[in-house]
>>> print(open('model29.cif').read())   # mmCIF, C-alpha atoms and all ligand atoms
data_start
#
loop_
_atom_site.group_PDB
_atom_site.id
_atom_site.type_symbol
_atom_site.label_atom_id
_atom_site.label_comp_id
_atom_site.auth_asym_id
_atom_site.auth_seq_id
_atom_site.Cartn_x
_atom_site.Cartn_y
_atom_site.Cartn_z
ATOM 1 C CA MET A 1 3.013 -5.870 -3.168
ATOM 2 C CA PRO A 2 3.085 -2.665 -5.220
ATOM 3 C CA ASP A 3 -0.390 -1.089 -4.693
ATOM 4 C CA LEU A 4 -2.568 -1.596 -1.628
ATOM 5 C CA LEU A 5 -6.108 -0.842 -2.774
ATOM 6 C CA SER A 6 -8.443 -3.296 -1.080
ATOM 7 C CA ILE A 7 -8.326 -6.047 1.507
ATOM 8 C CA HIS A 8 -9.842 -8.286 -1.206
ATOM 9 C CA ASP A 9 -6.580 -8.096 -3.164
ATOM 10 C CA LEU A 10 -4.600 -9.676 -0.323
ATOM 11 C CA LYS A 11 -4.092 -13.315 0.519
ATOM 12 C CA LYS A 12 -3.866 -14.394 4.154
ATOM 13 C CA SER A 13 -0.106 -14.866 3.680
ATOM 14 C CA ASP A 14 0.198 -11.232 2.472
ATOM 15 C CA VAL A 15 -1.637 -9.990 5.566
ATOM 16 C CA GLU A 16 0.612 -12.140 7.766
ATOM 17 C CA ARG A 17 3.651 -10.621 6.069
ATOM 18 C CA TYR A 18 2.416 -7.092 6.805
ATOM 19 C CA LEU A 19 1.740 -8.050 10.424
ATOM 20 C CA SER A 20 5.140 -9.622 10.992
ATOM 21 C CA GLU A 21 6.906 -6.695 9.328
ATOM 22 C CA ALA A 22 4.898 -4.320 11.551
ATOM 23 C CA LYS A 23 6.073 -6.254 14.609
ATOM 24 C CA LYS A 24 9.680 -5.751 13.540
ATOM 25 C CA MET A 25 8.973 -2.059 13.006
ATOM 26 C CA GLU A 26 7.452 -1.743 16.464
ATOM 27 C CA ALA A 27 10.500 -3.423 17.995
ATOM 28 C CA ALA A 28 12.828 -1.070 16.094
ATOM 29 C CA LEU A 29 10.811 1.948 17.236
ATOM 30 C CA ALA A 30 11.015 0.748 20.841
ATOM 31 C CA LYS A 31 14.816 0.667 20.575
ATOM 32 C CA GLY A 32 14.709 4.287 19.426
ATOM 33 C CA LYS A 33 17.191 3.581 16.650
ATOM 34 C CA PRO A 34 16.530 5.683 13.514
ATOM 35 C CA LEU A 35 15.769 3.578 10.432
ATOM 36 C CA ARG A 36 17.026 4.647 7.020
ATOM 37 C CA THR A 37 15.145 2.032 4.948
ATOM 38 C CA LEU A 38 13.364 4.628 2.801
ATOM 39 C CA GLU A 39 16.065 7.305 2.798
ATOM 40 C CA GLY A 40 15.773 9.548 -0.257
ATOM 41 C CA LYS A 41 12.173 8.488 -0.974
ATOM 42 C CA ILE A 42 9.271 10.918 -1.096
ATOM 43 C CA ILE A 43 5.801 9.849 0.001
ATOM 44 C CA ALA A 44 2.877 12.031 -1.118
ATOM 45 C CA ASN A 45 -0.217 12.125 1.087
ATOM 46 C CA LEU A 46 -3.285 13.222 -0.856
ATOM 47 C CA PHE A 47 -6.204 13.681 1.505
ATOM 48 C CA PHE A 48 -9.381 14.816 -0.235
ATOM 49 C CA GLU A 49 -11.304 14.064 2.988
ATOM 50 C CA PRO A 50 -10.504 15.061 6.588
ATOM 51 C CA SER A 51 -8.154 12.808 8.531
ATOM 52 C CA THR A 52 -6.119 12.918 11.713
ATOM 53 C CA ARG A 53 -4.819 9.395 12.383
ATOM 54 C CA THR A 54 -4.398 8.106 8.848
ATOM 55 C CA ASN A 55 -2.754 11.254 7.522
ATOM 56 C CA PHE A 56 -0.400 11.854 10.426
ATOM 57 C CA SER A 57 0.476 8.224 11.102
ATOM 58 C CA PHE A 58 1.436 7.840 7.425
ATOM 59 C CA GLN A 59 3.554 11.015 7.682
ATOM 60 C CA SER A 60 5.108 9.760 10.900
ATOM 61 C CA ALA A 61 5.710 6.296 9.396
ATOM 62 C CA ALA A 62 7.455 7.815 6.371
ATOM 63 C CA ALA A 63 9.632 10.040 8.537
ATOM 64 C CA ARG A 64 10.486 7.136 10.895
ATOM 65 C CA LEU A 65 11.808 5.230 7.875
ATOM 66 C CA GLY A 66 13.936 8.162 6.706
ATOM 67 C CA ALA A 67 11.587 9.158 3.829
ATOM 68 C CA THR A 68 10.204 12.654 3.334
ATOM 69 C CA PRO A 69 6.430 12.981 3.453
ATOM 70 C CA ILE A 70 4.814 15.713 1.361
ATOM 71 C CA ALA A 71 1.182 16.703 1.845
ATOM 72 C CA PHE A 72 -1.409 17.706 -0.722
ATOM 73 C CA TYR A 73 -4.487 19.504 0.613
ATOM 74 C CA PRO A 74 -7.275 20.006 -1.954
ATOM 75 C CA GLU A 75 -8.479 23.261 -0.418
ATOM 76 C CA LYS A 76 -5.020 24.789 -0.866
ATOM 77 C CA SER A 77 -4.270 23.354 -4.297
ATOM 78 C CA SER A 78 -5.279 23.767 -7.930
ATOM 79 C CA ALA A 79 -8.212 21.403 -7.259
ATOM 80 C CA GLN A 80 -9.766 24.730 -6.135
ATOM 81 C CA LYS A 81 -9.222 26.059 -9.672
ATOM 82 C CA GLY A 82 -10.974 23.015 -11.121
ATOM 83 C CA GLU A 83 -7.981 20.767 -11.871
ATOM 84 C CA SER A 84 -9.145 17.180 -12.421
ATOM 85 C CA PHE A 85 -8.387 14.256 -10.102
ATOM 86 C CA SER A 86 -6.494 12.467 -12.880
ATOM 87 C CA ASP A 87 -4.266 15.484 -13.625
ATOM 88 C CA THR A 88 -3.556 15.885 -9.905
ATOM 89 C CA ILE A 89 -2.505 12.231 -9.674
ATOM 90 C CA ARG A 90 -0.295 12.541 -12.763
ATOM 91 C CA ILE A 91 1.472 15.561 -11.253
ATOM 92 C CA LEU A 92 2.033 14.096 -7.774
ATOM 93 C CA ASP A 93 3.175 10.831 -9.360
ATOM 94 C CA GLY A 94 5.951 12.872 -10.960
ATOM 95 C CA TYR A 95 7.025 14.298 -7.594
ATOM 96 C CA ALA A 96 6.885 11.244 -5.306
ATOM 97 C CA ASP A 97 7.790 7.551 -5.019
ATOM 98 C CA ALA A 98 4.431 6.463 -3.557
ATOM 99 C CA LEU A 99 0.976 8.016 -3.249
ATOM 100 C CA VAL A 100 -1.286 7.648 -0.215
ATOM 101 C CA ILE A 101 -4.830 8.651 -1.171
ATOM 102 C CA ARG A 102 -8.037 9.300 0.744
ATOM 103 C CA HIS A 103 -11.037 10.375 -1.290
ATOM 104 C CA PRO A 104 -14.840 10.490 -0.808
ATOM 105 C CA SER A 105 -15.531 8.552 -4.044
ATOM 106 C CA GLU A 106 -15.544 4.756 -4.061
ATOM 107 C CA GLY A 107 -13.010 3.420 -6.556
ATOM 108 C CA SER A 108 -10.850 6.568 -6.505
ATOM 109 C CA ALA A 109 -7.735 4.721 -5.306
ATOM 110 C CA GLU A 110 -8.131 2.184 -8.109
ATOM 111 C CA GLU A 111 -8.491 5.010 -10.598
ATOM 112 C CA ALA A 112 -5.334 6.623 -9.228
ATOM 113 C CA ALA A 113 -3.472 3.311 -9.490
ATOM 114 C CA ARG A 114 -4.399 3.071 -13.183
ATOM 115 C CA ILE A 115 -2.866 6.511 -13.782
ATOM 116 C CA ALA A 116 0.165 6.463 -11.461
ATOM 117 C CA THR A 117 3.433 4.710 -12.223
ATOM 118 C CA HIS A 118 4.305 4.545 -8.504
ATOM 119 C CA PRO A 119 2.599 2.464 -5.785
ATOM 120 C CA VAL A 120 -0.799 3.742 -4.642
ATOM 121 C CA ILE A 121 -2.061 3.072 -1.121
ATOM 122 C CA ASN A 122 -5.765 3.421 -0.426
ATOM 123 C CA ALA A 123 -6.246 5.432 2.763
ATOM 124 C CA GLY A 124 -10.049 5.188 2.461
ATOM 125 C CA ASP A 125 -12.278 5.542 -0.633
ATOM 126 C CA GLY A 126 -15.802 6.618 0.279
ATOM 127 C CA GLY A 127 -17.728 3.882 2.062
ATOM 128 C CA ASN A 128 -15.795 1.191 0.228
ATOM 129 C CA GLN A 129 -12.417 0.143 1.622
ATOM 130 C CA HIS A 130 -9.818 1.067 4.246
ATOM 131 C CA PRO A 131 -7.241 -1.720 3.995
ATOM 132 C CA THR A 132 -4.511 -0.154 6.134
ATOM 133 C CA GLN A 133 -7.018 0.386 8.966
ATOM 134 C CA THR A 134 -7.855 -3.324 8.760
ATOM 135 C CA LEU A 135 -4.166 -4.231 9.025
ATOM 136 C CA ILE A 136 -3.945 -2.035 12.155
ATOM 137 C CA ASP A 137 -7.080 -3.696 13.579
ATOM 138 C CA LEU A 138 -5.801 -7.231 12.941
ATOM 139 C CA TYR A 139 -2.370 -6.309 14.307
ATOM 140 C CA THR A 140 -3.962 -4.900 17.467
ATOM 141 C CA ILE A 141 -6.192 -7.966 17.968
ATOM 142 C CA LYS A 142 -3.212 -10.299 17.514
ATOM 143 C CA LYS A 143 -1.129 -8.244 19.936
ATOM 144 C CA LEU A 144 -3.877 -8.253 22.576
ATOM 145 C CA PHE A 145 -4.998 -11.901 22.271
ATOM 146 C CA GLY A 146 -2.035 -13.650 20.618
ATOM 147 C CA LYS A 147 -4.370 -14.873 17.862
ATOM 148 C CA ILE A 148 -7.211 -13.822 15.592
ATOM 149 C CA SER A 149 -9.041 -17.041 14.793
ATOM 150 C CA GLY A 150 -11.500 -18.388 17.331
ATOM 151 C CA LEU A 151 -12.316 -15.002 18.875
ATOM 152 C CA ASN A 152 -15.862 -13.719 19.276
ATOM 153 C CA VAL A 153 -15.999 -10.394 17.502
ATOM 154 C CA THR A 154 -18.889 -7.925 17.488
ATOM 155 C CA LEU A 155 -18.987 -5.059 14.986
ATOM 156 C CA MET A 156 -21.391 -2.354 16.139
ATOM 157 C CA GLY A 157 -22.390 0.950 14.577
ATOM 158 C CA ASP A 158 -22.979 2.410 11.143
ATOM 159 C CA LEU A 159 -22.136 -0.741 9.208
ATOM 160 C CA LYS A 160 -23.754 0.600 6.067
ATOM 161 C CA HIS A 161 -21.392 3.503 5.482
ATOM 162 C CA ALA A 162 -18.214 2.631 7.396
ATOM 163 C CA ARG A 163 -15.404 1.463 5.128
ATOM 164 C CA ALA A 164 -13.385 0.383 8.178
ATOM 165 C CA MET A 165 -16.116 -2.134 9.086
ATOM 166 C CA ARG A 166 -16.491 -3.502 5.576
ATOM 167 C CA SER A 167 -12.746 -4.057 5.211
ATOM 168 C CA LEU A 168 -12.427 -5.536 8.690
ATOM 169 C CA LEU A 169 -15.223 -8.074 8.229
ATOM 170 C CA TYR A 170 -13.344 -9.524 5.251
ATOM 171 C CA GLY A 171 -9.981 -9.374 7.053
ATOM 172 C CA LEU A 172 -11.395 -11.262 10.039
ATOM 173 C CA ALA A 173 -13.012 -13.844 7.770
ATOM 174 C CA MET A 174 -9.629 -14.456 6.148
ATOM 175 C CA PHE A 175 -8.467 -15.694 9.565
ATOM 176 C CA GLY A 176 -11.527 -17.903 9.959
ATOM 177 C CA CYS A 177 -13.193 -15.424 12.278
ATOM 178 C CA GLY A 178 -16.878 -14.665 11.835
ATOM 179 C CA ALA A 179 -18.652 -11.776 13.540
ATOM 180 C CA GLU A 180 -21.884 -10.600 15.051
ATOM 181 C CA LEU A 181 -23.058 -7.444 13.315
ATOM 182 C CA VAL A 182 -25.039 -5.033 15.485
ATOM 183 C CA SER A 183 -26.775 -2.038 13.946
ATOM 184 C CA PRO A 184 -30.175 -0.482 13.485
ATOM 185 C CA VAL A 185 -31.910 -1.976 10.426
ATOM 186 C CA SER A 186 -31.290 1.187 8.389
ATOM 187 C CA LEU A 187 -27.516 0.935 8.948
ATOM 188 C CA ARG A 188 -26.972 -2.737 8.141
ATOM 189 C CA MET A 189 -23.903 -3.773 6.210
ATOM 190 C CA ASP A 190 -24.171 -4.250 2.449
ATOM 191 C CA PRO A 191 -25.451 -7.840 2.052
ATOM 192 C CA LEU A 192 -22.974 -8.372 -0.799
ATOM 193 C CA ALA A 193 -20.042 -7.663 1.546
ATOM 194 C CA ILE A 194 -21.415 -10.209 4.029
ATOM 195 C CA ALA A 195 -22.056 -12.779 1.304
ATOM 196 C CA ARG A 196 -18.540 -12.355 -0.077
ATOM 197 C CA ALA A 197 -16.877 -12.974 3.290
ATOM 198 C CA LYS A 198 -19.074 -16.050 3.869
ATOM 199 C CA ARG A 199 -18.496 -17.420 0.361
ATOM 200 C CA ASP A 200 -14.715 -16.948 0.372
ATOM 201 C CA PHE A 201 -14.021 -18.224 3.891
ATOM 202 C CA GLY A 202 -17.103 -20.119 5.084
ATOM 203 C CA VAL A 203 -17.403 -18.090 8.299
ATOM 204 C CA LYS A 204 -20.533 -17.506 10.362
ATOM 205 C CA ILE A 205 -21.829 -13.942 10.320
ATOM 206 C CA THR A 206 -25.004 -13.023 12.199
ATOM 207 C CA GLU A 207 -26.987 -9.778 12.308
ATOM 208 C CA THR A 208 -28.909 -8.356 15.223
ATOM 209 C CA ALA A 209 -30.178 -5.035 16.532
ATOM 210 C CA LYS A 210 -29.327 -5.787 20.196
ATOM 211 C CA PRO A 211 -25.840 -6.808 21.280
ATOM 212 C CA ASN A 212 -25.075 -9.640 23.691
ATOM 213 C CA LEU A 213 -21.530 -9.043 24.872
ATOM 214 C CA SER A 214 -21.265 -11.671 27.612
ATOM 215 C CA LYS A 215 -18.901 -13.835 25.529
ATOM 216 C CA CYS A 216 -17.530 -11.113 23.308
ATOM 217 C CA ASN A 217 -13.721 -10.863 23.004
ATOM 218 C CA VAL A 218 -13.528 -7.857 20.703
ATOM 219 C CA LEU A 219 -16.163 -5.158 20.441
ATOM 220 C CA TYR A 220 -15.393 -2.952 17.447
ATOM 221 C CA LEU A 221 -17.396 0.274 17.339
ATOM 222 C CA CYS A 222 -17.636 3.094 14.851
ATOM 223 C CA ARG A 223 -19.417 6.432 14.685
ATOM 224 C CA VAL A 224 -22.375 7.311 12.481
ATOM 225 C CA GLN A 225 -20.735 8.396 9.218
ATOM 226 C CA LYS A 226 -22.896 11.470 8.840
ATOM 227 C CA GLU A 227 -21.026 12.808 5.811
ATOM 228 C CA ARG A 228 -22.270 9.791 3.811
ATOM 229 C CA PHE A 229 -25.963 10.402 4.565
ATOM 230 C CA SER A 230 -28.032 12.285 2.018
ATOM 231 C CA ASN A 231 -30.142 13.672 4.871
ATOM 232 C CA ALA A 232 -28.283 15.007 7.932
ATOM 233 C CA LYS A 233 -31.426 14.691 10.096
ATOM 234 C CA GLU A 234 -31.514 10.934 9.484
ATOM 235 C CA ALA A 235 -27.940 10.673 10.753
ATOM 236 C CA GLN A 236 -28.904 12.518 13.913
ATOM 237 C CA ALA A 237 -31.890 10.266 14.448
ATOM 238 C CA VAL A 238 -29.807 7.064 14.470
ATOM 239 C CA GLN A 239 -26.907 8.557 16.418
ATOM 240 C CA ALA A 240 -28.457 7.575 19.735
ATOM 241 C CA SER A 241 -29.435 4.035 18.707
ATOM 242 C CA PHE A 242 -26.159 2.376 19.649
ATOM 243 C CA ARG A 243 -24.088 3.443 22.609
ATOM 244 C CA LEU A 244 -21.659 1.620 24.810
ATOM 245 C CA ASP A 245 -23.160 2.850 28.053
ATOM 246 C CA LYS A 246 -22.427 1.662 31.608
ATOM 247 C CA THR A 247 -25.293 -0.863 31.622
ATOM 248 C CA LEU A 248 -24.093 -2.522 28.421
ATOM 249 C CA LEU A 249 -20.506 -2.603 29.682
ATOM 250 C CA LEU A 250 -21.629 -4.168 32.940
ATOM 251 C CA SER A 251 -23.187 -7.065 31.033
ATOM 252 C CA ALA A 252 -20.075 -7.536 28.873
ATOM 253 C CA ASN A 253 -17.167 -9.964 29.153
ATOM 254 C CA LYS A 254 -14.675 -8.640 31.729
ATOM 255 C CA LYS A 255 -11.787 -9.460 29.384
ATOM 256 C CA MET A 256 -13.282 -7.879 26.291
ATOM 257 C CA ALA A 257 -11.273 -5.313 24.276
ATOM 258 C CA VAL A 258 -13.087 -2.327 22.839
ATOM 259 C CA LEU A 259 -11.627 -1.097 19.560
ATOM 260 C CA HIS A 260 -12.641 1.857 17.405
ATOM 261 C CA PRO A 261 -11.005 3.367 14.293
ATOM 262 C CA LEU A 262 -11.719 6.828 15.810
ATOM 263 C CA PRO A 263 -12.887 9.575 15.836
ATOM 264 C CA LYS A 264 -15.307 8.489 18.558
ATOM 265 C CA LEU A 265 -18.443 10.488 19.255
ATOM 266 C CA ASP A 266 -21.581 9.728 21.272
ATOM 267 C CA GLU A 267 -21.231 5.930 20.894
ATOM 268 C CA ILE A 268 -18.582 5.974 23.640
ATOM 269 C CA PRO A 269 -19.835 8.290 26.383
ATOM 270 C CA ALA A 270 -17.306 10.005 28.652
ATOM 271 C CA SER A 271 -18.657 7.979 31.599
ATOM 272 C CA VAL A 272 -17.104 4.725 30.282
ATOM 273 C CA GLU A 273 -13.850 6.082 28.842
ATOM 274 C CA SER A 274 -11.758 5.152 31.867
ATOM 275 C CA ASP A 275 -12.790 1.445 31.701
ATOM 276 C CA SER A 276 -9.644 -0.654 31.255
ATOM 277 C CA ARG A 277 -11.229 -2.530 28.339
ATOM 278 C CA MET A 278 -10.941 0.533 26.086
ATOM 279 C CA LYS A 279 -8.003 -0.187 23.790
ATOM 280 C CA TYR A 280 -8.569 2.260 20.947
ATOM 281 C CA PHE A 281 -5.704 4.603 21.801
ATOM 282 C CA GLU A 282 -3.278 1.663 21.745
ATOM 283 C CA GLN A 283 -4.874 0.650 18.442
ATOM 284 C CA ALA A 284 -4.327 4.157 17.005
ATOM 285 C CA LYS A 285 -0.684 4.093 18.120
ATOM 286 C CA ASN A 286 -0.184 0.825 16.248
ATOM 287 C CA GLY A 287 -0.920 2.863 13.107
ATOM 288 C CA VAL A 288 2.703 3.948 12.853
ATOM 289 C CA PRO A 289 4.487 0.545 12.819
ATOM 290 C CA VAL A 290 1.768 -0.963 10.608
ATOM 291 C CA ARG A 291 1.992 1.883 8.098
ATOM 292 C CA MET A 292 5.801 1.684 8.197
ATOM 293 C CA ALA A 293 5.404 -1.953 7.132
ATOM 294 C CA VAL A 294 2.952 -0.934 4.403
ATOM 295 C CA LEU A 295 5.288 1.731 2.990
ATOM 296 C CA LYS A 296 8.279 -0.584 3.110
ATOM 297 C CA LEU A 297 6.566 -3.521 1.409
ATOM 298 C CA CYS A 298 4.691 -1.396 -1.149
ATOM 299 C CA LEU A 299 7.996 0.180 -2.152
ATOM 300 C CA GLY A 300 9.448 -3.310 -2.544
ATOM 301 C CA LEU A 301 12.064 -2.940 0.176
HETATM 302 C C1 LIG B 401 -12.073 6.022 9.883
HETATM 303 C C2 LIG B 401 -12.260 6.412 8.434
HETATM 304 O O1 LIG B 401 -11.793 7.479 7.982
HETATM 305 O O2 LIG B 401 -12.844 5.606 7.738
HETATM 306 N N1 LIG B 401 -11.086 6.781 10.523
HETATM 307 C C3 LIG B 401 -9.779 6.392 10.433
HETATM 308 O O3 LIG B 401 -9.230 6.250 9.377
HETATM 309 N N2 LIG B 401 -9.155 6.118 11.579
HETATM 310 C C4 LIG B 401 -13.332 5.976 10.649
HETATM 311 C C5 LIG B 401 -14.241 7.156 10.669
HETATM 312 O O4 LIG B 401 -13.997 8.198 10.066
HETATM 313 O O5 LIG B 401 -15.269 7.027 11.342
#
>>> encode(input="model29.cif", output="structure tokens")
Amino acid sequence: MPDLLSIHDLKKSDVERYLSEAKKMEAALAKGKPLRTLEGKIIANLFFEPSTRTNFSFQSAAARLGATPIAFYPEKSSAQKGESFSDTIRILDGYADALVIRHPSEGSAEEAARIATHPVINAGDGGNQHPTQTLIDLYTIKKLFGKISGLNVTLMGDLKHARAMRSLLYGLAMFGCGAELVSPVSLRMDPLAIARAKRDFGVKITETAKPNLSKCNVLYLCRVQKERFSNAKEAQAVQASFRLDKTLLLSANKKMAVLHPLPKLDEIPASVESDSRMKYFEQAKNGVPVRMAVLKLCLGL
């Protein structure tokens, strides 16, 4: 498992391997025993887009395994002087043993992997893919429910632009899990992404503008990805069209889990935050053991 670029590159057995390794990592973390698996290794984080969870959980994961994380920030680097993406990758590849890359352009992680001699991990490329987020999501679902297949999953939000949603739909399908997709018509998921999940795994995927959460096990929300809109006003206009308000929560399954890749905005109002079904902070915490597993397996250890 050298590079991790897209959920499409993984087989179900690969995903299962990441999940079981993550479980071991979580157990080791709970014991508080320092791990030296990646001692002497350097992990470069190249974030060309803002990030809190992905960036810092990768840094934390590297440090927890005894590696040294180094951070590249475009606004403080020679990218400001006009240095190309490919030259930047070539340079960081010479300084580190693995590269973690987030970039606004789709396909940027693949491009980096063609240039780099070390493993490249896609930490989000535009609206395309976010495979490590999907591993965290699947890990969290399995931890909460003991299984993935057979669950009723609803994905709600900006399904057009959210890479986390696109990756997750395919990851769920891999486990035989279909989904109900809820979004305004203008924010529907790319039909090709839906068709691919259906074709490869024969799952049922339905689309609707109004959610019915009475039998829902997992409600996965995301924010409007306003940075991917050409017109900021349009983003504002749809912002209010899906919200998990008190009325919707009241009609929902009492045992449902609400997940979100975060950051959360208006789609989860403050009035519902204390509901015990909100599991997104647990989900975010799972980022460390899952990314420890990713670093370990991508480095072949
Ligand atoms: C997501 C992302 O960057 O795609 N965040 C994350 O990695 N946890 C979701 C988002 O930005 O809305």
>>> closest_atom_pairs(input="model29.cif", of="chain A", to="ligand LIG 401 (chain B)", cutoff="8 Å", atoms="all atoms listed in the file", output="CSV")
residue,atom,partner,partner_atom,distance
A:Pro50,CA,B:LIG401,O1,7.8
A:Ser51,CA,B:LIG401,O1,6.5
A:Thr52,CA,B:LIG401,N2,7.4
A:Arg53,CA,B:LIG401,N2,5.5
A:Thr54,CA,B:LIG401,O3,5.2
A:Ala123,CA,B:LIG401,O3,7.3
A:Gly124,CA,B:LIG401,O2,6.0
A:Gly127,CA,B:LIG401,O2,7.7
A:His130,CA,B:LIG401,O2,6.5
A:Gln133,CA,B:LIG401,O3,6.3
A:Ala162,CA,B:LIG401,O2,6.1
A:Arg163,CA,B:LIG401,O2,5.5
A:Ala164,CA,B:LIG401,O2,5.3
A:Cys222,CA,B:LIG401,O5,5.8
A:Arg223,CA,B:LIG401,O5,5.4
A:Val224,CA,B:LIG401,O5,7.2
A:Gln225,CA,B:LIG401,O5,6.0
A:His260,CA,B:LIG401,C4,7.9
A:Pro261,CA,B:LIG401,N2,4.3
A:Leu262,CA,B:LIG401,N2,5.0
A:Pro263,CA,B:LIG401,O5,5.7
A:Lys264,CA,B:LIG401,O5,7.4
A:Ala284,CA,B:LIG401,N2,7.5
>>> residues_around(input="model29.cif", residues="region 237-249 of chain A", least_positions_apart="6", cutoff="8 Å", atoms="all atoms listed in the file", output="number ranges by chain")
A: 156-157, 183-184, 213, 223-224, 266-269, 271-272
>>> atom_distance(input="model29.cif", atom1="CA of His118 (chain A)", atom2="CA of Asn55 (chain A)")
18.8 Å
>>> residues_around(input="model29.cif", residues="Arg90 (chain A)", least_positions_apart="2", cutoff="9 Å", atoms="all atoms listed in the file", output="list of chain:residue names")
A:Phe85, A:Ser86, A:Asp87, A:Thr88, A:Leu92, A:Asp93, A:Gly94, A:Ala112, A:Ile115, A:Ala116, A:Thr117
>>> write_last_selection(input="model29.cif", atoms="C-alpha atoms", output="mmCIF file, in the coordinates of the input")
data_model
loop_
_atom_site.group_PDB
_atom_site.id
_atom_site.type_symbol
_atom_site.label_atom_id
_atom_site.label_comp_id
_atom_site.auth_asym_id
_atom_site.auth_seq_id
_atom_site.Cartn_x
_atom_site.Cartn_y
_atom_site.Cartn_z
ATOM 1 C CA PHE A 85 -8.387 14.256 -10.102
ATOM 2 C CA SER A 86 -6.494 12.467 -12.880
ATOM 3 C CA ASP A 87 -4.266 15.484 -13.625
ATOM 4 C CA THR A 88 -3.556 15.885 -9.905
ATOM 5 C CA LEU A 92 2.033 14.096 -7.774
ATOM 6 C CA ASP A 93 3.175 10.831 -9.360
ATOM 7 C CA GLY A 94 5.951 12.872 -10.960
ATOM 8 C CA ALA A 112 -5.334 6.623 -9.228
ATOM 9 C CA ILE A 115 -2.866 6.511 -13.782
ATOM 10 C CA ALA A 116 0.165 6.463 -11.461
ATOM 11 C CA THR A 117 3.433 4.710 -12.223
#
>>> resolve_selection(input="model29.cif", expression="the PyMOL selection byres (((chain A and resi 128) around 10) and not hetatm)", output="PyMOL selection string")
chain A and resi 6+104-108+124-127+129-131+160-167+193
>>> residues_around(input="model29.cif", residues="Met174 (chain A)", least_positions_apart="5", cutoff="9 Å", atoms="all atoms listed in the file", output="PyMOL selection string")
chain A and resi 11-12+169+197+200-201+203
>>> residues_around(input="model29.cif", residues="Gly178 (chain A)", least_positions_apart="2", cutoff="10 Å", atoms="all atoms listed in the file", output="ChimeraX atom specification")
/A:149-154,169-176,180-181,197-198,201-206
>>> closest_residue(input="model29.cif", among="A:Leu135, A:Leu159, A:Cys177, A:Leu4", to="Ala109 (chain A)", atoms="all atoms listed in the file")
A:Leu4
>>> resolve_selection(input="model29.cif", expression="the PyMOL selection byres (((chain A and resi 286) around 9) and not hetatm)", output="mmCIF file with C-alpha atoms, in the coordinates of the input")
data_model
loop_
_atom_site.group_PDB
_atom_site.id
_atom_site.type_symbol
_atom_site.label_atom_id
_atom_site.label_comp_id
_atom_site.auth_asym_id
_atom_site.auth_seq_id
_atom_site.Cartn_x
_atom_site.Cartn_y
_atom_site.Cartn_z
ATOM 1 C CA ALA A 22 4.898 -4.320 11.551
ATOM 2 C CA GLU A 26 7.452 -1.743 16.464
ATOM 3 C CA ILE A 136 -3.945 -2.035 12.155
ATOM 4 C CA ASP A 137 -7.080 -3.696 13.579
ATOM 5 C CA TYR A 139 -2.370 -6.309 14.307
ATOM 6 C CA THR A 140 -3.962 -4.900 17.467
ATOM 7 C CA PHE A 281 -5.704 4.603 21.801
ATOM 8 C CA GLU A 282 -3.278 1.663 21.745
ATOM 9 C CA GLN A 283 -4.874 0.650 18.442
ATOM 10 C CA ALA A 284 -4.327 4.157 17.005
ATOM 11 C CA LYS A 285 -0.684 4.093 18.120
ATOM 12 C CA GLY A 287 -0.920 2.863 13.107
ATOM 13 C CA VAL A 288 2.703 3.948 12.853
ATOM 14 C CA PRO A 289 4.487 0.545 12.819
ATOM 15 C CA VAL A 290 1.768 -0.963 10.608
ATOM 16 C CA ARG A 291 1.992 1.883 8.098
#
>>> decode(input="model29.cif", residues="region 31-47 of chain A", atoms="C-alpha atoms", output="PDB file, in the first residue's frame")
ATOM      1  CA  LYS A  31      -2.360   2.218  27.116  1.00  0.00           C
ATOM      2  CA  GLY A  32      -0.346   5.428  26.849  1.00  0.00           C
ATOM      3  CA  LYS A  33       2.739   3.518  25.752  1.00  0.00           C
ATOM      4  CA  PRO A  34       4.876   5.483  23.251  1.00  0.00           C
ATOM      5  CA  LEU A  35       5.240   3.731  19.889  1.00  0.00           C
ATOM      6  CA  ARG A  36       8.506   3.907  17.976  1.00  0.00           C
ATOM      7  CA  THR A  37       7.286   2.258  14.741  1.00  0.00           C
ATOM      8  CA  LEU A  38       8.251   5.225  12.553  1.00  0.00           C
ATOM      9  CA  GLU A  39      11.265   6.430  14.535  1.00  0.00           C
ATOM     10  CA  GLY A  40      13.679   8.363  12.326  1.00  0.00           C
ATOM     11  CA  LYS A  41      11.068   8.956   9.599  1.00  0.00           C
ATOM     12  CA  ILE A  42      10.010  12.402   8.441  1.00  0.00           C
ATOM     13  CA  ILE A  43       6.460  13.049   7.272  1.00  0.00           C
ATOM     14  CA  ALA A  44       5.854  16.217   5.234  1.00  0.00           C
ATOM     15  CA  ASN A  45       2.408  17.812   5.410  1.00  0.00           C
ATOM     16  CA  LEU A  46       1.733  20.019   2.399  1.00  0.00           C
ATOM     17  CA  PHE A  47      -1.529  21.873   2.870  1.00  0.00           C
TER      18      PHE A  47
END
